[in-house]
Amino acid sequence: MKRPRRYVSPKREAQAAATREAILEAFAAQLEAPGRDTLSPREAAERAGVSLRTVHLHFANVDSQILALGEWFDRRFYPSGVTLAAGPDDLPRYFRDIHHKALLSPISRLLAQHRGEVWKEVRQRRRAQRLDAIASAVKAIGAPPQATADATAMLLSLSGADASWPMHDLYGLPLERIPHVIANTVALIVEQLRAQAAHKNNGTSLGNNERRPAATTNTKRKRA
């Protein structure tokens, strides 16, 4: 006996999606408060105009709230999605795109300056794949370990809005120029790493040659 299909109302789904979005916006608004490091479902319910039960229905615990906030921020900052860095040659493109999209929203400035623990957790989770892609691309160049570690740390520090907004707010660089400046910096780092990788490979080759037995020639000494 076939089970009857469960009817899904498009209108009801749209209402649920709108309610979820309103709750997330209410949570995001809480992070705007200086020093705020907790999320309050009750405050979110009041701001979104729903019951506390509804908030818990959509987001059962803090973990689900943080994960959903990360997705919400990405939709706001990167509505067309984020294409991860595919390798060393793609790193400048990635940094140019990510900063161009982030600088379109003033919210990214606010969150870049926020020091609350909740936002740090949101940021860490939503960027995990991107940071891994950057680290993998740097490693693929094959530079010496210390140079690779130094470059990885530098590029990761340039990957967030906390690297781009100060260029405008503190040093007056036009917003439209910032993504290109950062991308050029990334290109220089990649170029330097490639040179170090080539030097390392050449050094290894020379080292092998040095360990080979030296060719000997027999020479006759002339008698005096």
# chains A, B, ... in the order shown; residues from 1 in each chain; ligands from 1

$ closest_atom_pairs --of "segment 116-135 of chain A" --to "segment 73-89 of chain A" --cutoff "12 Å" --atoms "only C-alpha atoms" --output "CSV"
residue,atom,partner,partner_atom,distance
A:Trp119,CA,A:Phe73,CA,10.7
A:Val122,CA,A:Phe73,CA,9.1
A:Arg123,CA,A:Phe73,CA,9.2
A:Arg125,CA,A:Asp74,CA,11.4
A:Arg126,CA,A:Asp74,CA,7.8
A:Arg127,CA,A:Asp74,CA,9.6
A:Ala128,CA,A:Leu84,CA,11.1
A:Gln129,CA,A:Leu84,CA,8.0
A:Arg130,CA,A:Leu84,CA,6.0
A:Leu131,CA,A:Leu84,CA,9.1
A:Asp132,CA,A:Leu84,CA,9.4
A:Ala133,CA,A:Ala85,CA,5.9
A:Ile134,CA,A:Ala85,CA,6.3
A:Ala135,CA,A:Gly87,CA,9.6

$ write_last_selection --atoms "N, CA and C atoms" --output "PDB file, in the first residue's frame"
ATOM      1  N   TRP A 119      31.171  36.107  17.685  1.00  0.00           N
ATOM      2  CA  TRP A 119      31.541  36.443  16.319  1.00  0.00           C
ATOM      3  C   TRP A 119      32.822  35.734  15.905  1.00  0.00           C
ATOM      4  N   VAL A 122      31.757  32.343  14.897  1.00  0.00           N
ATOM      5  CA  VAL A 122      31.056  32.399  13.615  1.00  0.00           C
ATOM      6  C   VAL A 122      32.058  32.548  12.483  1.00  0.00           C
ATOM      7  N   ARG A 123      32.978  33.472  12.668  1.00  0.00           N
ATOM      8  CA  ARG A 123      33.969  33.756  11.631  1.00  0.00           C
ATOM      9  C   ARG A 123      34.859  32.552  11.363  1.00  0.00           C
ATOM     10  N   ARG A 125      34.234  29.382  11.794  1.00  0.00           N
ATOM     11  CA  ARG A 125      33.534  28.277  11.137  1.00  0.00           C
ATOM     12  C   ARG A 125      33.225  28.567   9.685  1.00  0.00           C
ATOM     13  N   ARG A 126      32.776  29.786   9.399  1.00  0.00           N
ATOM     14  CA  ARG A 126      32.365  30.090   8.036  1.00  0.00           C
ATOM     15  C   ARG A 126      33.548  30.213   7.100  1.00  0.00           C
ATOM     16  N   ARG A 127      34.735  30.432   7.643  1.00  0.00           N
ATOM     17  CA  ARG A 127      35.913  30.626   6.796  1.00  0.00           C
ATOM     18  C   ARG A 127      36.838  29.415   6.765  1.00  0.00           C
ATOM     19  N   ALA A 128      36.469  28.356   7.437  1.00  0.00           N
ATOM     20  CA  ALA A 128      37.374  27.212   7.576  1.00  0.00           C
ATOM     21  C   ALA A 128      37.811  26.657   6.219  1.00  0.00           C
ATOM     22  N   GLN A 129      36.856  26.427   5.318  1.00  0.00           N
ATOM     23  CA  GLN A 129      37.189  25.872   4.004  1.00  0.00           C
ATOM     24  C   GLN A 129      38.067  26.815   3.202  1.00  0.00           C
ATOM     25  N   ARG A 130      37.807  28.098   3.301  1.00  0.00           N
ATOM     26  CA  ARG A 130      38.574  29.083   2.542  1.00  0.00           C
ATOM     27  C   ARG A 130      40.020  29.142   3.019  1.00  0.00           C
ATOM     28  N   LEU A 131      40.192  29.115   4.333  1.00  0.00           N
ATOM     29  CA  LEU A 131      41.546  29.172   4.886  1.00  0.00           C
ATOM     30  C   LEU A 131      42.323  27.909   4.542  1.00  0.00           C
ATOM     31  N   ASP A 132      41.642  26.769   4.565  1.00  0.00           N
ATOM     32  CA  ASP A 132      42.290  25.510   4.187  1.00  0.00           C
ATOM     33  C   ASP A 132      42.737  25.556   2.728  1.00  0.00           C
ATOM     34  N   ALA A 133      41.900  26.145   1.869  1.00  0.00           N
ATOM     35  CA  ALA A 133      42.240  26.235   0.446  1.00  0.00           C
ATOM     36  C   ALA A 133      43.460  27.130   0.233  1.00  0.00           C
ATOM     37  N   ILE A 134      43.542  28.219   1.001  1.00  0.00           N
ATOM     38  CA  ILE A 134      44.703  29.112   0.909  1.00  0.00           C
ATOM     39  C   ILE A 134      45.962  28.375   1.342  1.00  0.00           C
ATOM     40  N   ALA A 135      45.885  27.699   2.489  1.00  0.00           N
ATOM     41  CA  ALA A 135      47.049  26.976   3.008  1.00  0.00           C
ATOM     42  C   ALA A 135      47.504  25.883   2.034  1.00  0.00           C
TER      43      ALA A 135
END

$ closest_residue --among "A:Glu32, A:Glu43, A:Asp150, A:Glu121" --to "Leu69 of chain A" --atoms "only C-alpha atoms"
A:Glu121

$ closest_residue --among "A:Thr38, A:Ser9, A:Asn201, A:Gln65" --to "Glu21 of chain A" --atoms "only C-alpha atoms"
A:Gln65

$ closest_residue --among "A:Val181, A:Gly172, A:Gly142, A:Pro166" --to "Lys200 of chain A" --atoms "only C-alpha atoms"
A:Gly142

$ select_by_dssp --residues "chain A" --states "helix (DSSP H, G or I)" --output "JSON, numbers by chain"
{"A": [10, 11, 12, 13, 14, 15, 16, 17, 18, 19, 20, 21, 22, 23, 24, 25, 26, 27, 28, 29, 30, 41, 42, 43, 44, 45, 46, 47, 48, 52, 53, 54, 55, 56, 57, 58, 62, 63, 64, 65, 66, 67, 68, 69, 70, 71, 72, 73, 74, 75, 76, 77, 88, 89, 90, 91, 92, 93, 94, 95, 96, 97, 98, 99, 100, 101, 102, 107, 108, 109, 110, 111, 112, 113, 117, 118, 119, 120, 121, 122, 123, 124, 125, 126, 128, 129, 130, 131, 132, 133, 134, 135, 136, 137, 138, 139, 140, 141, 145, 146, 147, 148, 149, 150, 151, 152, 153, 154, 155, 156, 157, 161, 162, 163, 164, 165, 166, 167, 168, 169, 178, 179, 180, 181, 182, 183, 184, 185, 186, 187, 188, 189, 190, 191, 192, 193, 194, 195, 196, 197, 198, 199, 200, 201, 202, 203, 204, 205, 206, 207, 208, 209, 210, 211]}

$ closest_atom_pairs --of "segment 133-200 of chain A" --to "segment 99-105 of chain A" --cutoff "12 Å" --atoms "only C-alpha atoms" --output "CSV"
residue,atom,partner,partner_atom,distance
A:Leu158,CA,A:His99,CA,9.5
A:Ser159,CA,A:His99,CA,7.9
A:Gly160,CA,A:His99,CA,7.6
A:Ala161,CA,A:Ala102,CA,6.6
A:Asp162,CA,A:His99,CA,10.2
A:Ala163,CA,A:His99,CA,9.1
A:Ser164,CA,A:His99,CA,7.0
A:Trp165,CA,A:Leu103,CA,7.4
A:Pro166,CA,A:Leu103,CA,11.2
A:Met167,CA,A:Leu103,CA,11.2
A:His168,CA,A:Leu103,CA,10.0
A:Asp169,CA,A:Leu103,CA,11.8
A:Pro174,CA,A:Leu103,CA,10.7
A:Leu175,CA,A:Leu103,CA,7.0
A:Glu176,CA,A:His100,CA,7.5
A:Arg177,CA,A:His100,CA,9.1
A:Ile178,CA,A:His99,CA,7.6
A:Pro179,CA,A:His99,CA,5.3
A:His180,CA,A:His100,CA,8.7
A:Val181,CA,A:His99,CA,10.3
A:Ile182,CA,A:His99,CA,8.4
A:Ala183,CA,A:His99,CA,9.2

$ write_last_selection --atoms "C-alpha atoms" --output "mmCIF file, in the first residue's frame"
data_model
loop_
_atom_site.group_PDB
_atom_site.id
_atom_site.type_symbol
_atom_site.label_atom_id
_atom_site.label_comp_id
_atom_site.auth_asym_id
_atom_site.auth_seq_id
_atom_site.Cartn_x
_atom_site.Cartn_y
_atom_site.Cartn_z
ATOM 1 C CA LEU A 158 45.095 39.257 4.579
ATOM 2 C CA SER A 159 42.049 37.083 3.955
ATOM 3 C CA GLY A 160 39.501 38.920 6.111
ATOM 4 C CA ALA A 161 37.764 42.286 6.134
ATOM 5 C CA ASP A 162 39.924 43.305 9.093
ATOM 6 C CA ALA A 163 42.770 43.574 6.559
ATOM 7 C CA SER A 164 40.911 45.617 3.939
ATOM 8 C CA TRP A 165 38.742 48.119 5.827
ATOM 9 C CA PRO A 166 41.661 49.775 7.714
ATOM 10 C CA MET A 167 43.249 50.605 4.345
ATOM 11 C CA HIS A 168 40.232 52.810 3.725
ATOM 12 C CA ASP A 169 39.336 53.958 7.236
ATOM 13 C CA PRO A 174 39.621 54.230 -2.196
ATOM 14 C CA LEU A 175 37.468 51.145 -1.684
ATOM 15 C CA GLU A 176 37.642 50.171 -5.350
ATOM 16 C CA ARG A 177 41.456 50.031 -5.212
ATOM 17 C CA ILE A 178 41.800 47.886 -2.092
ATOM 18 C CA PRO A 179 41.024 44.468 -3.664
ATOM 19 C CA HIS A 180 43.613 45.118 -6.386
ATOM 20 C CA VAL A 181 46.258 46.252 -3.901
ATOM 21 C CA ILE A 182 45.768 43.119 -1.811
ATOM 22 C CA ALA A 183 45.751 40.885 -4.916
#

$ atom_distance --atom1 "atom CA of Arg93 of chain A" --atom2 "atom CA of Trp72 of chain A"
23.8 Å

$ closest_residue --among "A:Ala187, A:Leu67, A:Ile141, A:Ile23" --to "Glu46 of chain A" --atoms "only C-alpha atoms"
A:Ile23

$ closest_residue --among "A:Leu155, A:Ala44, A:Ala22, A:Leu173" --to "Val186 of chain A" --atoms "only C-alpha atoms"
A:Leu155
